[in-house]
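Novice: Contents are compact mmCIF, C-alpha atoms; file name run.txt:
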# COMPACT_ATOMS: atom_id res chain seq x y z
CA MET A 166 74.48 151.09 134.01
CA ARG A 167 77.70 149.57 132.70
CA SER A 168 77.39 147.70 129.40
CA THR A 169 79.03 144.33 128.86
CA PRO A 170 81.75 144.37 126.17
CA PRO A 171 80.91 142.23 123.13
CA ALA A 172 82.42 138.79 123.04
CA VAL A 173 85.18 138.20 120.51
CA SER A 174 84.31 135.55 117.94
CA PRO A 175 87.09 133.31 116.55
CA SER A 176 86.27 134.82 113.15
CA ASP A 177 86.75 138.42 114.34
CA PRO A 178 90.18 139.90 113.60
CA LEU A 179 92.39 140.47 116.62
CA PRO A 180 95.05 143.16 116.82
CA GLU A 181 98.29 142.28 115.02
CA GLY A 182 100.71 140.56 117.38
CA ARG A 183 98.15 138.89 119.64
CA LEU A 184 96.20 135.62 119.60
CA GLU A 185 94.09 134.20 122.38
CA PRO A 186 95.41 130.96 123.94
CA GLY A 187 94.31 127.79 122.20
CA LEU A 188 94.91 125.58 119.19
CA TYR A 189 94.84 127.06 115.68
CA ILE A 190 94.51 124.69 112.71
CA VAL A 191 96.20 126.55 109.85
CA ALA A 192 95.84 125.40 106.24
CA GLY A 193 98.89 126.10 104.10
CA PRO A 194 99.38 125.94 100.33
CA ILE A 195 99.51 122.58 98.56
CA GLY A 196 102.27 123.91 96.32
CA ASN A 197 101.89 127.54 95.30
CA LEU A 198 102.77 129.92 98.14
CA GLU A 199 100.38 132.52 96.69
CA ASP A 200 97.54 130.36 98.01
CA LEU A 201 98.41 131.15 101.64
CA SER A 202 95.48 133.21 102.92
CA PRO A 203 96.05 136.52 104.75
CA ARG A 204 94.32 135.12 107.83
CA ALA A 205 96.46 131.98 107.84
CA ALA A 206 99.59 134.12 107.47
CA ARG A 207 98.46 136.32 110.38
CA PHE A 208 97.92 133.28 112.59
CA LEU A 209 101.44 132.09 111.78
CA ARG A 210 102.86 135.49 112.74
CA GLN A 211 100.83 135.79 115.93
CA ALA A 212 101.12 132.24 117.29
CA ASP A 213 103.46 131.66 120.20
CA LEU A 214 104.50 128.27 118.79
CA VAL A 215 104.04 126.46 115.46
CA ALA A 216 103.65 122.66 115.58
CA CYS A 217 104.58 121.06 112.25
CA GLU A 218 105.51 117.78 110.57
CA ASP A 219 108.88 118.88 109.18
CA THR A 220 110.55 122.05 110.46
CA ARG A 221 112.56 122.39 107.23
CA VAL A 222 109.40 122.48 105.12
CA THR A 223 107.53 124.77 107.51
CA ALA A 224 110.47 127.18 107.73
CA LYS A 225 109.78 128.13 104.08
CA LEU A 226 106.11 128.68 104.87
CA LEU A 227 106.93 130.88 107.85
CA ARG A 228 109.28 132.99 105.74
CA ALA A 229 106.50 133.48 103.19
CA ALA A 230 104.14 134.53 106.00
CA GLY A 231 106.70 136.92 107.50
CA SER A 232 106.79 134.87 110.69
CA ASP A 233 109.71 134.24 113.01
CA ARG A 234 107.76 132.06 115.47
CA PRO A 235 109.50 129.02 117.02
CA MET A 236 108.62 125.56 115.73
CA LEU A 237 108.17 122.16 117.33
CA ALA A 238 108.11 118.92 115.30
CA TYR A 239 104.84 117.01 115.75
CA HIS A 240 104.08 113.99 113.55
CA ASP A 241 102.81 110.40 113.58
CA HIS A 242 105.97 109.15 115.29
CA SER A 243 106.19 111.84 117.97
CA PRO A 244 106.26 110.51 121.54
CA ALA A 245 103.29 111.19 123.82
CA GLU A 246 105.40 113.75 125.68
CA VAL A 247 105.30 116.08 122.66
CA GLU A 248 101.50 116.10 122.56
CA GLU A 249 101.35 116.72 126.30
CA LYS A 250 103.81 119.60 125.95
CA LEU A 251 101.65 121.18 123.25
CA LEU A 252 98.48 120.80 125.31
CA ALA A 253 100.12 122.38 128.35
CA ARG A 254 101.29 125.28 126.20
CA MET A 255 97.79 125.87 124.79
CA ALA A 256 96.43 126.58 128.25
CA HIS A 257 98.19 129.95 128.27
CA ALA A 258 99.49 130.47 124.72
CA ALA A 259 98.49 130.16 121.06
CA VAL A 260 99.72 127.04 119.25
CA ALA A 261 99.35 126.85 115.48
CA LEU A 262 99.24 123.42 113.81
CA VAL A 263 100.31 123.09 110.17
CA SER A 264 101.05 120.15 107.88
CA ASP A 265 103.69 119.90 105.17
CA ALA A 266 101.03 120.87 102.60
CA GLY A 267 97.37 121.81 102.59
CA THR A 268 94.87 121.37 105.40
CA PRO A 269 96.09 119.64 108.58
CA LEU A 270 94.39 116.37 109.62
CA VAL A 271 93.51 115.41 106.00
CA SER A 272 95.69 112.27 105.81
CA ASP A 273 98.01 114.06 108.24
CA PRO A 274 98.55 113.81 112.02
CA GLY A 275 96.56 115.96 114.42
CA MET A 276 93.27 114.23 115.21
CA GLU A 277 94.38 113.10 118.67
CA LEU A 278 95.71 116.56 119.46
CA VAL A 279 92.43 118.23 118.48
CA ARG A 280 90.40 115.67 120.44
CA ALA A 281 92.55 116.08 123.55
CA ALA A 282 92.35 119.88 123.29
CA ARG A 283 88.56 119.78 123.11
CA ASP A 284 88.38 117.32 126.02
CA ARG A 285 90.31 119.84 128.13
CA GLY A 286 88.11 122.76 127.13
CA ILE A 287 90.80 124.39 125.00
CA ALA A 288 89.50 126.59 122.17
CA VAL A 289 90.17 125.19 118.69
CA THR A 290 90.04 127.58 115.73
CA THR A 291 90.57 126.97 112.02
CA ALA A 292 92.02 129.08 109.25
CA PRO A 293 90.65 127.01 106.34
CA GLY A 294 92.36 126.82 103.00
CA PRO A 295 93.72 124.55 100.27
CA SER A 296 93.15 120.80 100.13
CA ALA A 297 94.55 118.66 97.32
CA ALA A 298 91.49 116.39 97.41
CA ILE A 299 89.01 119.23 96.86
CA ALA A 300 91.26 120.99 94.36
CA ALA A 301 91.46 117.84 92.23
CA LEU A 302 87.71 117.25 92.45
CA SER A 303 86.99 120.82 91.36
CA ILE A 304 88.86 120.42 88.05
CA SER A 305 87.95 116.79 87.32
CA GLY A 306 84.51 117.18 85.80
CA LEU A 307 83.44 114.12 87.81
CA PRO A 308 80.27 114.29 89.93
CA SER A 309 80.95 116.54 92.91
CA ASP A 310 77.56 116.57 94.63
CA ARG A 311 78.55 113.42 96.50
CA PHE A 312 82.10 112.23 97.13
CA LEU A 313 84.09 110.07 99.52
CA PHE A 314 87.66 110.83 100.54
CA ALA A 315 89.34 107.45 101.08
CA GLY A 316 92.92 108.63 101.70
CA PHE A 317 95.75 106.22 100.92
CA LEU A 318 94.89 102.63 100.04
CA PRO A 319 96.82 99.92 101.94
CA ALA A 320 100.30 99.20 100.60
CA LYS A 321 99.96 95.40 100.46
CA ALA A 322 98.06 94.03 97.46
CA ALA A 323 95.64 91.81 99.39
CA ALA A 324 94.65 94.56 101.82
CA ARG A 325 94.41 97.07 98.96
CA ASP A 326 92.09 94.80 96.96
CA LYS A 327 89.91 94.21 100.02
CA ALA A 328 89.58 97.97 100.59
CA ILE A 329 88.73 98.55 96.93
CA ALA A 330 86.10 95.80 97.01
CA GLY A 331 84.41 97.50 99.95
CA LEU A 332 84.09 100.71 97.93
CA ALA A 333 82.80 99.16 94.70
CA GLY A 334 79.14 100.02 95.21
CA VAL A 335 79.52 103.43 96.88
CA PRO A 336 77.36 105.84 94.80
CA ALA A 337 79.84 108.70 94.94
CA THR A 338 83.06 109.95 93.38
CA LEU A 339 85.98 108.34 95.23
CA ILE A 340 89.10 110.37 96.05
CA PHE A 341 92.42 108.73 96.92
CA TYR A 342 95.93 109.95 97.61
CA GLU A 343 98.63 107.86 95.97
CA SER A 344 102.40 107.76 95.48
CA GLY A 345 104.19 107.55 92.14
CA PRO A 346 105.71 104.09 92.63
CA ARG A 347 102.29 102.59 93.51
CA LEU A 348 100.11 104.44 91.00
CA ALA A 349 100.27 101.93 88.12
CA ALA A 350 99.41 98.92 90.29
CA THR A 351 96.57 100.80 91.98
CA LEU A 352 95.05 101.77 88.62
CA VAL A 353 95.19 98.14 87.46
CA ALA A 354 93.50 96.98 90.68
CA LEU A 355 90.78 99.63 90.38
CA ALA A 356 90.13 98.81 86.72
CA ARG A 357 89.86 95.11 87.58
CA ALA A 358 87.36 95.77 90.36
CA PHE A 359 85.34 98.68 88.94
CA GLY A 360 85.47 98.15 85.19
CA PRO A 361 85.70 101.11 82.78
CA ARG A 362 84.57 103.85 85.16
CA GLN A 363 85.63 107.39 84.40
CA ALA A 364 88.60 108.48 86.50
CA ALA A 365 91.38 111.03 86.71
CA VAL A 366 94.95 111.41 87.90
CA ALA A 367 95.90 114.88 89.17
CA ARG A 368 99.58 115.43 89.96
CA GLU A 369 101.54 118.33 91.46
CA LEU A 370 98.49 120.57 91.70
CA THR A 371 99.21 124.34 91.71
CA LYS A 372 102.91 123.67 91.00
CA ARG A 373 104.98 124.34 87.88
CA HIS A 374 104.66 120.78 86.55
CA GLU A 375 100.94 120.34 87.30
CA GLU A 376 99.42 117.48 85.29
CA TYR A 377 95.87 116.27 84.83
CA VAL A 378 94.99 113.08 82.92
CA GLY A 379 91.40 111.88 82.65
CA GLY A 380 89.81 108.82 81.07
CA ALA A 381 88.44 105.37 81.77
CA LEU A 382 90.25 103.36 84.44
CA ASP A 383 91.59 100.82 81.95
CA GLU A 384 92.91 103.66 79.76
CA LEU A 385 94.66 105.27 82.71
CA ALA A 386 96.12 101.91 83.76
CA ALA A 387 97.63 101.56 80.27
CA ARG A 388 98.79 105.18 80.24
CA PHE A 389 100.75 104.89 83.50
CA ALA A 390 101.95 101.28 83.09
CA GLY A 391 105.63 101.07 83.96
CA GLU A 392 105.76 104.71 85.07
CA GLU A 393 106.55 106.15 88.48
CA PRO A 394 105.47 109.78 88.22
CA LYS A 395 106.98 112.14 90.76
CA GLY A 396 105.22 114.45 93.16
CA GLU A 397 101.93 114.49 95.05
CA ILE A 398 99.14 112.53 93.33
CA VAL A 399 95.35 112.61 93.73
CA LEU A 400 93.41 109.78 92.11
CA LEU A 401 89.68 110.17 91.48
CA VAL A 402 87.18 107.52 90.37
CA GLY A 403 83.66 108.36 89.27
CA PRO A 404 80.60 106.63 90.79
CA PRO A 405 78.87 103.61 89.25
CA ALA A 406 76.79 104.49 86.18
CA ALA A 407 73.48 106.11 87.10
CA GLU A 408 71.52 103.54 85.15
CA VAL A 409 72.91 100.64 87.17
CA SER A 410 70.19 99.30 89.46
CA SER A 411 70.76 98.64 93.16
CA ALA A 412 70.76 94.89 92.46
CA GLU A 413 73.37 95.33 89.75
CA ALA A 414 75.46 97.54 92.03
CA LEU A 415 75.31 94.85 94.72
CA ASP A 416 76.42 92.19 92.26
CA GLN A 417 79.25 94.37 90.99
CA ALA A 418 80.52 94.99 94.50
CA LEU A 419 80.21 91.33 95.47
CA LYS A 420 81.99 90.06 92.36
CA ALA A 421 84.89 92.40 93.07
CA ALA A 422 85.03 91.35 96.73
CA LEU A 423 84.81 87.63 95.94
CA GLN A 424 87.98 87.87 93.88
CA THR A 425 90.03 88.19 97.06
CA LEU A 426 87.75 87.25 99.97
CA PRO A 427 85.70 84.24 101.09
CA ALA A 428 81.93 84.63 100.84
CA GLY A 429 81.38 85.56 104.50
CA LYS A 430 84.00 88.29 104.62
CA ALA A 431 83.03 89.58 101.17
CA ALA A 432 79.40 89.84 102.30
CA ALA A 433 80.34 91.68 105.49
CA SER A 434 82.51 94.17 103.61
CA VAL A 435 79.91 94.90 100.92
CA ALA A 436 77.02 95.03 103.39
CA ALA A 437 78.84 97.68 105.43
CA ALA A 438 79.70 99.72 102.34
CA LEU A 439 76.20 99.67 100.81
CA GLY A 440 74.10 99.62 103.95
CA VAL A 441 72.37 96.37 102.91
CA PRO A 442 71.45 93.64 105.46
CA ARG A 443 74.34 91.23 105.80
CA GLY A 444 72.16 88.12 105.53
CA GLU A 445 70.76 89.28 102.21
CA VAL A 446 74.23 90.05 100.88
CA TYR A 447 75.61 86.71 102.09
CA ALA A 448 72.82 84.79 100.37
CA ARG A 449 73.56 86.58 97.10
CA ALA A 450 77.30 85.96 97.54
CA LEU A 451 76.66 82.22 97.80
CA GLU A 452 74.53 82.36 94.64
CA LEU A 453 77.25 84.15 92.73
CA LYS A 454 79.95 81.84 94.05
CA GLY A 455 77.88 78.79 93.12
CA GLY A 456 77.47 80.06 89.59
CA GLN A 457 81.19 80.48 89.02
Could you spell out this file's structure in structure tokens?
Specialist:
Amino acid sequence: MRSTPPAVSPSDPLPEGRLEPGLYIVAGPIGNLEDLSPRAARFLRQADLVACEDTRVTAKLLRAAGSDRPMLAYHDHSPAEVEEKLLARMAHAAVALVSDAGTPLVSDPGMELVRAARDRGIAVTTAPGPSAAIAALSISGLPSDRFLFAGFLPAKAAARDKAIAGLAGVPATLIFYESGPRLAATLVALARAFGPRQAAVARELTKRHEEYVGGALDELAARFAGEEPKGEIVLLVGPPAAEVSSAEALDQALKAALQTLPAGKAAASVAAALGVPRGEVYARALELKGGQ
């Protein structure tokens, strides 16, 4: 009786020089090339094509991995034809997806490509690795049992303040990405909405000029006032104090939201963030507004 050969799991190593057709999500370093995992490097050597945001940046990564694979630019502004070309290629070849730094799809393009690949029955495999958000959280000393990655806040002040107001009562450490020119204004807005919560600014993680500054939000706002620090920045904000009751957390979130929004919209935003019935939140918003 002939035995059936064992199936190959995506986690099982394949012979050097060969990858099964499909999409491979490959996490690269966030700064230090020594953080490229052996498995990620192997995927980059074995892939038939590497899809990337910037071919100039990825060329350095491929050299570090010992890879000479061809590249194709794929980013937020790529036409639909590029995605279709990648999907067609995956049907019979291995396509690796990388970002300029860290794990693809974390504030980077790729979600639509992964979704389309899965819809077509194409195998999707990950070589997990560095993420600036998790790296910053791990060295912050802020609560890490519960956290929310909020990505980049909106660029315009009104939209930024609205987004911050919606996060005021979330009982978790908040993680944002931010740019140097916007950091000071964002810290001021967060301090105004959240009060003196503990927070941290982590910059250029794993690189030569890595910097970590922790403290209360108002202290950080003063520290970075007038500055435009260079490099990649992760901004973390601790959760509301544990002793704050749910009613107090609701009031804190509403007061922050009412600074920039009418009562109805403020109530809707806070209700969604805290999971509280909208009618109850709206009634409290009117009470607070009437007492001002």
Novice: So which one's closest to A:Gly316, A:Val335, A:Ala330, A:Leu400, A:Arg285? Using all atoms listed in the file, please.
Specialist: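 The closest residue to A:Gly316 is A:Leu400.
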Novice: Between atom CA of A:Val366 and atom CA of A:Ala298, what is the spacing in Å?
Specialist: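 If I compute the distance from atom CA of A:Ala298 to atom CA of A:Val366, I get 11.3 Å.
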Novice: If I take atom CA of A:Ala365 and atom CA of A:Ala292, how far is one from the other in Å, to one decimal?
Specialist: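 These two atoms are separated by 28.9 Å.
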Novice: Please list, as a ChimeraX atom specification, the residues that have an atom at most 6 Å away from (104.3, 126.9, 113.2) in the coordinates of this file, counting only C-alpha atoms.
Specialist: /A:214-217,236,261
Novice: Provide the atom CA of A:Ala337 to atom CA of A:Asp416 distance in Å, to one decimal place.
Specialist: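 About the pair atom CA of A:Ala337 and atom CA of A:Asp416: they are 17.1 Å apart.
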Novice: Would you pick out the contacts of A:Ala258 at 9 Å or less, using all atoms listed in the file, so that residues sharing its chain but fewer than 4 positions from it are not included, and give the list as a PyMOL selection string?
Specialist: chain A and resi 184-188+212-214+253-254
Novice: Give me a file of those residues, with C-alpha atoms, as a tab-separated table (two decimals), keeping the file's coordinate frame.
Specialist:
chain	number	residue	atom	x	y	z
A	184	LEU	CA	96.20	135.62	119.60
A	185	GLU	CA	94.09	134.20	122.38
A	186	PRO	CA	95.41	130.96	123.94
A	187	GLY	CA	94.31	127.79	122.20
A	188	LEU	CA	94.91	125.58	119.19
A	212	ALA	CA	101.12	132.24	117.29
A	213	ASP	CA	103.46	131.66	120.20
A	214	LEU	CA	104.50	128.27	118.79
A	253	ALA	CA	100.12	122.38	128.35
A	254	ARG	CA	101.29	125.28	126.20
Novice: Using only C-alpha atoms for the distances, tell me which of A:Ala266, A:Leu352, A:Ala418, A:Ala230 is nearest to A:Gly331.
Specialist: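 Closest residue, counting only C-alpha atoms: A:Ala418.
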Novice: Pick from A:Ile299, A:Val263, A:Leu401, A:Leu201: nearest to A:Leu339, with all atoms listed in the file counted?
Specialist: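 Among A:Ile299, A:Val263, A:Leu401, A:Leu201, it is A:Leu401 that comes nearest to A:Leu339.
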